[in-house]
>>> print(open('work_26.csv').read())   # CSV, C-alpha atoms
chain,number,residue,atom,x,y,z
A,1,ASN,CA,-30.8,-44.1,-11.5
A,2,GLU,CA,-31.6,-44.9,-15.1
A,3,VAL,CA,-29.3,-47.9,-15.1
A,4,LYS,CA,-31.2,-49.2,-12.1
A,5,MET,CA,-34.6,-48.7,-13.8
A,6,ARG,CA,-33.5,-50.6,-16.8
A,7,LYS,CA,-33.1,-53.7,-14.7
A,8,LEU,CA,-36.8,-53.8,-13.8
A,9,ASN,CA,-39.2,-56.3,-15.4
A,10,ILE,CA,-42.4,-54.4,-15.9
A,11,ASP,CA,-46.0,-55.6,-16.6
A,12,TYR,CA,-48.4,-53.0,-17.9
A,13,PHE,CA,-52.0,-54.2,-17.6
A,14,VAL,CA,-54.4,-52.0,-19.5
A,15,GLY,CA,-58.2,-52.2,-19.7
A,16,ILE,CA,-58.5,-50.0,-22.7
A,17,ASP,CA,-57.7,-50.4,-26.4
A,18,ILE,CA,-54.4,-48.6,-26.9
A,19,ASN,CA,-55.0,-48.5,-30.7
A,20,GLY,CA,-58.0,-46.2,-30.3
A,21,LYS,CA,-58.6,-42.6,-31.3
A,22,THR,CA,-59.1,-40.8,-27.9
A,23,GLY,CA,-56.6,-39.0,-25.9
A,24,LYS,CA,-56.5,-41.6,-23.1
A,25,GLU,CA,-55.9,-44.4,-25.6
A,26,LYS,CA,-53.1,-42.5,-27.3
A,27,ALA,CA,-51.6,-41.4,-24.0
A,28,THR,CA,-51.6,-45.0,-22.7
A,29,TRP,CA,-49.9,-46.2,-25.9
A,30,GLU,CA,-47.2,-43.5,-25.6
A,31,LYS,CA,-46.6,-44.4,-22.0
A,32,SER,CA,-46.2,-48.1,-22.9
A,33,LEU,CA,-43.5,-47.1,-25.4
A,34,TYR,CA,-41.4,-45.4,-22.8
A,35,LEU,CA,-42.0,-48.0,-20.1
A,36,ASN,CA,-40.6,-50.4,-22.6
A,37,LYS,CA,-37.5,-48.3,-23.1
A,38,ILE,CA,-36.7,-48.0,-19.4
A,39,SER,CA,-37.4,-51.6,-18.4
A,40,ASN,CA,-35.3,-54.8,-18.7
A,41,LYS,CA,-38.3,-56.8,-19.9
A,42,PHE,CA,-41.6,-55.2,-20.7
A,43,SER,CA,-45.0,-57.0,-21.1
A,44,LEU,CA,-48.1,-55.2,-22.2
A,45,PHE,CA,-51.6,-56.7,-21.7
A,46,SER,CA,-54.4,-54.7,-23.3
A,47,ILE,CA,-57.9,-55.3,-24.6
A,48,THR,CA,-59.5,-54.9,-28.0
A,49,LYS,CA,-62.4,-52.6,-28.3
A,50,TYR,CA,-65.4,-53.7,-30.4
A,51,SER,CA,-68.5,-51.9,-31.7
A,52,PHE,CA,-70.6,-54.2,-29.5
A,53,SER,CA,-69.9,-53.6,-25.8
A,54,PHE,CA,-70.5,-57.3,-25.0
A,55,PHE,CA,-67.4,-58.4,-27.0
A,56,THR,CA,-65.4,-55.6,-25.4
A,57,LEU,CA,-66.4,-57.0,-22.0
A,58,LEU,CA,-65.3,-60.4,-23.1
A,59,SER,CA,-62.0,-59.0,-24.2
A,60,MET,CA,-61.5,-57.5,-20.7
A,61,LEU,CA,-62.3,-60.8,-19.0
A,62,SER,CA,-60.0,-62.7,-21.4
A,63,ILE,CA,-56.9,-60.7,-20.5
A,64,GLU,CA,-57.7,-61.3,-16.8
A,65,VAL,CA,-57.6,-65.0,-17.4
A,66,LYS,CA,-54.6,-64.8,-19.8
A,67,TYR,CA,-52.6,-62.8,-17.3
A,68,LEU,CA,-53.4,-65.0,-14.4
A,69,LEU,CA,-52.4,-68.2,-16.2
A,70,LEU,CA,-49.3,-66.7,-17.8
A,71,ARG,CA,-47.9,-65.5,-14.5
A,72,LEU,CA,-48.9,-68.6,-12.5
A,73,PHE,CA,-47.4,-71.0,-14.9
A,74,GLY,CA,-44.8,-68.9,-16.7
A,75,ASN,CA,-41.1,-68.8,-16.1
A,76,GLU,CA,-40.6,-65.1,-15.3
A,77,LEU,CA,-42.3,-62.7,-13.0
A,78,PRO,CA,-42.3,-58.9,-13.1
A,79,ASP,CA,-40.7,-56.6,-10.4
A,80,VAL,CA,-43.7,-54.2,-10.7
A,81,ILE,CA,-47.1,-54.3,-12.2
A,82,PHE,CA,-48.6,-51.0,-13.5
A,83,ILE,CA,-52.3,-51.2,-14.1
A,84,ARG,CA,-54.9,-49.0,-15.8
A,85,SER,CA,-58.2,-50.8,-15.6
A,86,HIS,CA,-61.5,-50.8,-13.8
A,87,LEU,CA,-61.0,-54.5,-13.0
A,88,GLY,CA,-57.5,-56.0,-12.4
A,89,PHE,CA,-58.3,-59.0,-10.2
A,90,SER,CA,-55.6,-61.1,-11.8
A,91,PRO,CA,-52.8,-58.6,-11.2
A,92,LEU,CA,-54.0,-58.2,-7.6
A,93,ILE,CA,-53.8,-62.0,-7.1
A,94,ILE,CA,-50.4,-62.3,-8.7
A,95,SER,CA,-49.1,-59.3,-6.6
A,96,ARG,CA,-50.3,-61.0,-3.4
A,97,ILE,CA,-49.0,-64.4,-4.2
A,98,TYR,CA,-45.5,-63.3,-5.2
A,99,ASN,CA,-45.2,-60.1,-3.2
A,100,ILE,CA,-44.9,-57.9,-6.3
A,101,LYS,CA,-45.5,-54.1,-6.2
A,102,LEU,CA,-48.9,-53.2,-7.7
A,103,ILE,CA,-49.2,-49.6,-8.9
A,104,HIS,CA,-52.6,-48.3,-10.2
A,105,GLU,CA,-53.2,-45.4,-12.6
A,106,VAL,CA,-56.4,-43.4,-11.8
A,107,HIS,CA,-57.5,-40.8,-14.3
A,108,ALA,CA,-61.1,-40.2,-13.3
A,109,ASP,CA,-63.8,-41.2,-10.8
A,110,LEU,CA,-65.9,-43.9,-12.5
A,111,LEU,CA,-69.0,-43.1,-10.4
A,112,ASP,CA,-68.7,-39.4,-11.1
A,113,GLU,CA,-68.3,-39.9,-14.9
A,114,SER,CA,-71.2,-42.4,-15.1
A,115,LYS,CA,-73.6,-39.9,-13.6
A,116,LEU,CA,-72.6,-37.5,-16.4
A,117,LEU,CA,-72.8,-40.0,-19.2
A,118,PHE,CA,-75.7,-42.2,-18.2
A,119,ASN,CA,-78.0,-40.1,-16.0
A,120,ASN,CA,-81.0,-41.3,-18.0
A,121,ASN,CA,-80.0,-45.0,-18.0
A,122,TYR,CA,-80.8,-46.7,-14.7
A,123,PHE,CA,-79.3,-50.0,-15.7
A,124,LYS,CA,-75.9,-48.5,-16.7
A,125,LEU,CA,-75.9,-46.3,-13.5
A,126,VAL,CA,-76.4,-49.4,-11.4
A,127,PHE,CA,-73.8,-51.4,-13.3
A,128,PHE,CA,-71.1,-48.7,-13.1
A,129,SER,CA,-71.9,-48.1,-9.5
A,130,GLN,CA,-71.1,-51.7,-8.6
A,131,LEU,CA,-68.0,-51.7,-10.9
A,132,HIS,CA,-66.8,-48.6,-9.1
A,133,LYS,CA,-67.1,-50.4,-5.7
A,134,LEU,CA,-65.0,-53.2,-7.1
A,135,GLN,CA,-62.4,-50.8,-8.4
A,136,ILE,CA,-62.1,-49.0,-5.0
A,137,PHE,CA,-61.8,-52.4,-3.3
A,138,ILE,CA,-58.9,-53.3,-5.6
A,139,LEU,CA,-57.2,-49.9,-5.2
A,140,LYS,CA,-57.2,-50.3,-1.5
A,141,LYS,CA,-55.1,-53.5,-1.9
A,142,SER,CA,-52.5,-51.8,-4.1
A,143,THR,CA,-48.9,-50.6,-3.3
A,144,GLY,CA,-49.4,-47.2,-4.8
A,145,ILE,CA,-51.6,-45.1,-7.0
A,146,ILE,CA,-50.6,-42.6,-9.7
A,147,PHE,CA,-53.2,-39.9,-10.3
A,148,ASN,CA,-53.2,-37.7,-13.4
A,149,ASN,CA,-54.5,-34.6,-11.6
A,150,MET,CA,-53.9,-33.2,-8.1
A,151,ALA,CA,-57.6,-32.5,-7.6
A,152,LEU,CA,-58.4,-36.2,-8.2
A,153,GLU,CA,-55.7,-37.3,-5.8
A,154,MET,CA,-57.1,-35.0,-3.0
A,155,TYR,CA,-60.6,-36.2,-3.7
A,156,TYR,CA,-59.8,-39.9,-3.5
A,157,LYS,CA,-57.7,-39.6,-0.3
A,158,LYS,CA,-60.5,-37.7,1.4
A,159,GLN,CA,-63.5,-39.7,0.0
A,160,TYR,CA,-62.2,-43.2,0.1
A,161,LYS,CA,-59.7,-43.0,3.0
A,162,PHE,CA,-56.8,-45.1,1.8
A,163,SER,CA,-54.4,-46.7,4.2
A,164,SER,CA,-51.3,-44.6,4.9
A,165,GLN,CA,-49.2,-47.5,3.5
A,166,ILE,CA,-50.5,-46.8,0.0
A,167,LYS,CA,-48.3,-44.3,-1.6
A,168,THR,CA,-50.0,-41.7,-3.9
A,169,ILE,CA,-48.6,-39.2,-6.4
A,170,THR,CA,-49.9,-37.0,-9.1
A,171,ILE,CA,-48.1,-37.3,-12.5
A,172,HIS,CA,-49.7,-35.6,-15.6
A,173,ASN,CA,-49.3,-36.7,-19.2
A,174,GLY,CA,-46.3,-35.9,-21.3
A,175,CYS,CA,-45.1,-34.6,-24.7
A,176,ASN,CA,-44.3,-36.9,-27.6
A,177,THR,CA,-41.7,-34.7,-29.2
A,178,LYS,CA,-41.0,-37.1,-32.1
A,179,LEU,CA,-44.6,-37.2,-33.4
A,180,TYR,CA,-45.4,-33.6,-32.7
A,181,TYR,CA,-43.0,-30.8,-33.6
A,182,PRO,CA,-43.1,-27.3,-35.1
A,183,ILE,CA,-43.8,-26.8,-38.8
A,184,ASP,CA,-44.1,-23.6,-40.8
A,185,ILE,CA,-47.6,-22.3,-40.4
A,186,ASN,CA,-48.3,-21.8,-44.2
A,187,SER,CA,-46.7,-25.2,-45.0
A,188,ALA,CA,-49.0,-26.9,-42.5
A,189,LYS,CA,-52.1,-25.1,-43.9
A,190,LYS,CA,-51.1,-26.2,-47.4
A,191,GLU,CA,-50.9,-29.9,-46.3
A,192,ILE,CA,-54.5,-29.9,-45.2
A,193,ASP,CA,-55.9,-27.5,-47.8
A,194,LEU,CA,-56.6,-24.5,-45.5
A,195,ASN,CA,-56.8,-21.0,-46.8
A,196,LYS,CA,-53.4,-19.4,-46.1
A,197,TYR,CA,-55.1,-15.9,-45.7
A,198,ASN,CA,-57.2,-17.0,-42.8
A,199,ASP,CA,-56.2,-17.2,-39.2
A,200,TYR,CA,-57.1,-20.4,-37.3
A,201,LEU,CA,-57.8,-21.1,-33.7
A,202,VAL,CA,-57.8,-24.9,-33.1
A,203,PHE,CA,-59.4,-27.2,-30.6
A,204,ILE,CA,-58.2,-30.8,-31.0
A,205,GLY,CA,-59.3,-33.9,-29.3
A,206,ASN,CA,-62.3,-36.0,-28.2
A,207,ILE,CA,-65.4,-33.8,-27.9
A,208,SER,CA,-66.9,-34.8,-24.5
A,209,LYS,CA,-69.3,-33.1,-22.1
A,210,TRP,CA,-66.4,-32.3,-19.8
A,211,HIS,CA,-64.1,-30.7,-22.3
A,212,GLY,CA,-66.0,-27.4,-22.5
A,213,VAL,CA,-66.1,-27.0,-26.3
A,214,GLU,CA,-69.4,-25.0,-26.0
A,215,TYR,CA,-67.4,-22.3,-24.2
A,216,ILE,CA,-65.1,-21.7,-27.1
A,217,LEU,CA,-68.0,-21.9,-29.6
A,218,GLU,CA,-69.8,-19.2,-27.8
A,219,LEU,CA,-66.6,-17.2,-27.5
A,220,HIS,CA,-65.8,-17.4,-31.1
A,221,GLN,CA,-69.0,-15.4,-32.0
A,222,SER,CA,-67.5,-12.4,-30.2
A,223,LEU,CA,-64.0,-12.8,-31.6
A,224,ILE,CA,-65.0,-12.8,-35.3
A,225,ILE,CA,-66.6,-9.3,-34.9
A,226,ASN,CA,-63.2,-7.7,-35.2
A,227,ASN,CA,-61.6,-10.5,-37.2
A,228,PRO,CA,-64.0,-12.0,-39.8
A,229,LYS,CA,-61.2,-14.2,-41.2
A,230,LEU,CA,-60.7,-15.9,-37.8
A,231,ILE,CA,-61.8,-19.5,-38.2
A,232,LEU,CA,-62.4,-22.0,-35.4
A,233,LEU,CA,-61.4,-25.5,-36.2
A,234,ILE,CA,-62.9,-28.2,-34.0
A,235,VAL,CA,-60.6,-31.1,-34.8
A,236,GLY,CA,-61.8,-34.5,-33.6
A,237,GLY,CA,-64.9,-36.6,-33.1
A,238,SER,CA,-67.0,-37.7,-30.2
A,239,LEU,CA,-68.1,-40.9,-28.5
A,240,GLN,CA,-71.2,-38.9,-27.4
A,241,LYS,CA,-72.9,-38.7,-30.8
A,242,SER,CA,-76.0,-36.7,-29.7
A,243,TYR,CA,-73.9,-34.2,-27.8
A,244,LEU,CA,-71.8,-33.5,-30.9
A,245,SER,CA,-74.9,-33.2,-33.1
A,246,GLN,CA,-76.3,-30.6,-30.7
A,247,LEU,CA,-73.2,-28.6,-30.9
A,248,LYS,CA,-73.1,-28.7,-34.7
A,249,ASN,CA,-76.7,-27.6,-35.0
A,250,LYS,CA,-76.5,-24.8,-32.4
A,251,TYR,CA,-73.2,-23.3,-33.7
A,252,SER,CA,-73.6,-23.7,-37.5
A,253,SER,CA,-71.4,-21.0,-39.1
A,254,ASN,CA,-69.0,-20.5,-42.0
A,255,ASN,CA,-66.3,-19.5,-39.4
A,256,ILE,CA,-66.6,-22.8,-37.5
A,257,ILE,CA,-65.4,-26.1,-39.0
A,258,PHE,CA,-66.0,-29.5,-37.4
A,259,THR,CA,-63.5,-31.8,-39.1
A,260,GLY,CA,-64.4,-35.1,-37.4
A,261,TRP,CA,-61.7,-37.7,-36.5
A,262,VAL,CA,-58.3,-37.2,-38.2
A,263,LYS,CA,-55.2,-39.3,-38.4
A,264,GLN,CA,-52.1,-38.5,-36.3
A,265,LYS,CA,-50.2,-36.9,-39.2
A,266,GLU,CA,-53.2,-34.7,-40.0
A,267,SER,CA,-53.5,-33.6,-36.4
A,268,LEU,CA,-49.9,-32.4,-36.5
A,269,PHE,CA,-50.7,-30.2,-39.5
A,270,TYR,CA,-53.9,-28.8,-37.8
A,271,ILE,CA,-52.1,-27.8,-34.7
A,272,ASN,CA,-49.3,-26.2,-36.7
A,273,SER,CA,-51.9,-24.3,-38.7
A,274,ALA,CA,-53.1,-22.5,-35.6
A,275,ILE,CA,-52.2,-19.1,-34.4
A,276,ALA,CA,-53.1,-20.5,-31.0
A,277,VAL,CA,-54.5,-23.7,-29.6
A,278,LEU,CA,-57.6,-23.7,-27.4
A,279,VAL,CA,-57.7,-26.1,-24.4
A,280,PRO,CA,-61.0,-25.4,-22.6
A,281,VAL,CA,-62.6,-27.5,-19.8
A,282,ASN,CA,-66.0,-27.9,-18.4
A,283,ASN,CA,-65.3,-28.2,-14.7
A,284,ASN,CA,-68.2,-30.6,-14.1
A,285,ARG,CA,-66.2,-33.6,-12.9
A,286,VAL,CA,-64.3,-34.4,-9.7
A,287,SER,CA,-61.1,-34.1,-11.9
A,288,PRO,CA,-60.6,-32.1,-15.1
A,289,GLY,CA,-58.0,-34.7,-16.1
A,290,SER,CA,-54.7,-34.2,-18.0
A,291,PRO,CA,-55.5,-33.5,-21.7
A,292,LEU,CA,-53.0,-35.0,-24.1
A,293,LYS,CA,-53.9,-32.3,-26.6
A,294,LEU,CA,-52.3,-29.8,-24.3
A,295,PHE,CA,-49.0,-31.6,-24.5
A,296,ASP,CA,-49.2,-32.3,-28.3
A,297,SER,CA,-49.7,-28.5,-28.8
A,298,ILE,CA,-46.8,-27.6,-26.5
A,299,SER,CA,-44.6,-29.9,-28.5
A,300,CYS,CA,-45.5,-28.1,-31.7
A,301,GLY,CA,-44.4,-24.8,-30.1
A,302,LYS,CA,-47.9,-23.3,-30.2
A,303,PRO,CA,-49.2,-20.8,-27.7
A,304,ILE,CA,-52.0,-22.2,-25.5
A,305,ILE,CA,-55.2,-20.5,-24.4
A,306,THR,CA,-56.8,-22.3,-21.5
A,307,GLN,CA,-59.2,-22.0,-18.6
A,308,GLU,CA,-57.8,-20.2,-15.6
A,309,ASN,CA,-57.5,-21.7,-12.1
A,310,ILE,CA,-57.7,-25.3,-13.2
A,311,SER,CA,-55.1,-27.8,-12.1
A,312,GLY,CA,-53.5,-29.7,-15.0
A,313,TYR,CA,-54.3,-26.8,-17.3
A,314,SER,CA,-53.6,-23.2,-16.3
A,315,ASP,CA,-51.0,-24.2,-13.6
A,316,LEU,CA,-48.8,-25.6,-16.4
A,317,VAL,CA,-49.5,-22.8,-18.8
A,318,ASP,CA,-48.6,-20.2,-16.1
A,319,LYS,CA,-45.6,-22.0,-14.7
A,320,TYR,CA,-43.9,-22.4,-18.0
A,321,SER,CA,-45.2,-19.2,-19.7
A,322,LEU,CA,-46.9,-21.3,-22.4
A,323,GLY,CA,-49.7,-18.8,-23.3
A,324,LEU,CA,-52.8,-17.3,-21.8
A,325,SER,CA,-55.1,-18.5,-19.0
A,326,THR,CA,-58.4,-16.7,-18.9
A,327,ASP,CA,-62.0,-17.3,-17.8
A,328,LEU,CA,-63.4,-19.0,-20.9
A,329,THR,CA,-66.8,-19.2,-19.2
A,330,ASN,CA,-67.0,-15.4,-19.2
A,331,LYS,CA,-67.5,-14.4,-22.8
A,332,LYS,CA,-67.0,-10.7,-22.3
A,333,ILE,CA,-63.8,-11.0,-20.3
A,334,ALA,CA,-62.3,-13.8,-22.3
A,335,SER,CA,-62.9,-12.3,-25.7
A,336,ARG,CA,-61.2,-9.1,-24.7
A,337,GLU,CA,-58.2,-10.8,-23.2
A,338,ILE,CA,-57.8,-13.2,-26.2
A,339,GLU,CA,-58.1,-10.4,-28.7
A,340,SER,CA,-55.3,-8.5,-26.9
A,341,PHE,CA,-53.2,-11.7,-26.6
A,342,LEU,CA,-53.5,-12.5,-30.3
A,343,LYS,CA,-52.8,-8.9,-31.3
A,344,ASN,CA,-49.6,-8.8,-29.3
A,345,ILE,CA,-48.4,-12.4,-29.7
A,346,ASN,CA,-44.8,-13.1,-30.3
A,347,LYS,CA,-45.0,-16.3,-32.4
A,348,PHE,CA,-41.2,-16.9,-32.5
A,349,GLN,CA,-41.0,-16.5,-28.7
A,350,TYR,CA,-43.7,-19.1,-28.0
A,351,ASN,CA,-42.4,-21.4,-30.7
A,352,THR,CA,-39.0,-21.4,-29.1
A,353,ASN,CA,-40.1,-21.5,-25.4
A,354,ASN,CA,-42.9,-24.0,-25.7
A,355,ARG,CA,-40.8,-26.4,-27.8
A,356,ASP,CA,-37.9,-26.1,-25.3
A,357,VAL,CA,-40.3,-26.9,-22.4
A,358,ALA,CA,-41.6,-29.9,-24.3
A,359,VAL,CA,-38.2,-31.3,-25.0
A,360,ASN,CA,-36.5,-30.6,-21.7
A,361,SER,CA,-39.2,-30.6,-19.0
A,362,LEU,CA,-42.4,-32.3,-20.2
A,363,ASN,CA,-41.2,-35.1,-22.5
A,364,TRP,CA,-42.5,-38.6,-21.9
A,365,LYS,CA,-39.2,-39.9,-20.8
A,366,THR,CA,-39.0,-37.5,-17.9
A,367,ILE,CA,-42.6,-38.1,-17.0
A,368,VAL,CA,-42.5,-41.9,-17.1
A,369,ASN,CA,-39.2,-41.9,-15.1
A,370,ARG,CA,-41.2,-40.5,-12.2
A,371,TRP,CA,-43.3,-43.6,-12.2
A,372,ILE,CA,-40.3,-45.6,-11.1
>>> encode(input="work_26.csv", output="structure tokens")
Amino acid sequence: NEVKMRKLNIDYFVGIDINGKTGKEKATWEKSLYLNKISNKFSLFSITKYSFSFFTLLSMLSIEVKYLLLRLFGNELPDVIFIRSHLGFSPLIISRIYNIKLIHEVHADLLDESKLLFNNNYFKLVFFSQLHKLQIFILKKSTGIIFNNMALEMYYKKQYKFSSQIKTITIHNGCNTKLYYPIDINSAKKEIDLNKYNDYLVFIGNISKWHGVEYILELHQSLIINNPKLILLIVGGSLQKSYLSQLKNKYSSNNIIFTGWVKQKESLFYINSAIAVLVPVNNNRVSPGSPLKLFDSISCGKPIITQENISGYSDLVDKYSLGLSTDLTNKKIASREIESFLKNINKFQYNTNNRDVAVNSLNWKTIVNRWI
């Protein structure tokens, strides 16, 4: 099967900057690496993100033109086109002309997210509403769709009524076991100048309105009553500046540290400094997504504490015995269960089990092979 996959020529058309800081940008970059490994010839087309959105839009349009010209007048054609973009007219045209399979990735509902992000901006709401209609039109012309969460797949199939000829599947993110691996906890603390006598709970990733960071900030106030040396590290920045500022002002405390954006190597040390990694979610979207931070933390062998009854989160934690799923929205219940969990935690057991799951079951090679 792997020999057959290596014979495929694969195009990966991406409407985001894979050199960015967010989880979706890093996950897309990691997927591109493994698509490259399993293909005969791999071609990546991605945009450059600029501080001015106008130039970013020009970049998106330029790869549409570049792709169309290259495939119309070039010597080689792909066997399959994978696409992660809100546009994608050029791949659609090429797939129709040459009868090439066109597989879309869908990670969120654009209309749903725009209502959360731009509810006070009429122009942007109208713009993204029209862009969403274009996206659905293109999706309905595809060969197949890969969703990153089962809830999203179910919603799309019910809401947009795709043809039965379009194959759909849910495939979550994967673990990069080379970049993220277990390190001795005190050695990790030393690398980033953390007090070795403190215990650290870590949230890592982009701080968005749908990530539920406020739940763990509220919860931490209860946890430090019995453990004043328990520090909550919020590792990452936010594209929603006002939201992040509100959180910092509301939850100002000596036991809470907002680090801002960190480099990949630093994120490795922060994760390994934790007694457990927190993966909350604010279930205010059609789909909660597939958080890359969950898989990075599993790779490091760290126990996971996440929101219960959420696909893409607690189902994986429960299936592979990766940690604790609890109701993080219920401060009283969650604080009690987390305190008990941390008190009785077997660090060696989780280190061994979670790393083994990352290497053998959730690694990117296994995940990307399912695309083919």
>>> atom_distance(input="work_26.csv", atom1="atom CA of A:Phe203", atom2="atom CA of A:Val281")
11.3 Å
>>> atom_distance(input="work_26.csv", atom1="atom CA of A:Gly174", atom2="atom CA of A:Glu25")
13.5 Å
>>> residues_around(input="work_26.csv", residues="stretch 299-313 of chain A", least_positions_apart="5", cutoff="7 Å", atoms="only C-alpha atoms", output="MDAnalysis selection string")
chainID A and resid 149:151 175 177 180:182 272 276:281 289:290 322:328 350:352 354:355 358
>>> atom_distance(input="work_26.csv", atom1="atom CA of A:Phe348", atom2="atom CA of A:Phe295")
18.5 Å
>>> residues_around(input="work_26.csv", residues="A:Tyr160", least_positions_apart="4", cutoff="9 Å", atoms="all atoms listed in the file", output="PyMOL selection string")
chain A and resi 136+140+155-156
>>> closest_residue(input="work_26.csv", among="A:Ile94, A:Ala27, A:Ile63, A:Met154", to="A:Ser287", atoms="all atoms listed in the file")
A:Met154
>>> closest_residue(input="work_26.csv", among="A:Leu247, A:Ile166, A:Val14, A:Val202", to="A:Leu233", atoms="only C-alpha atoms")
A:Val202
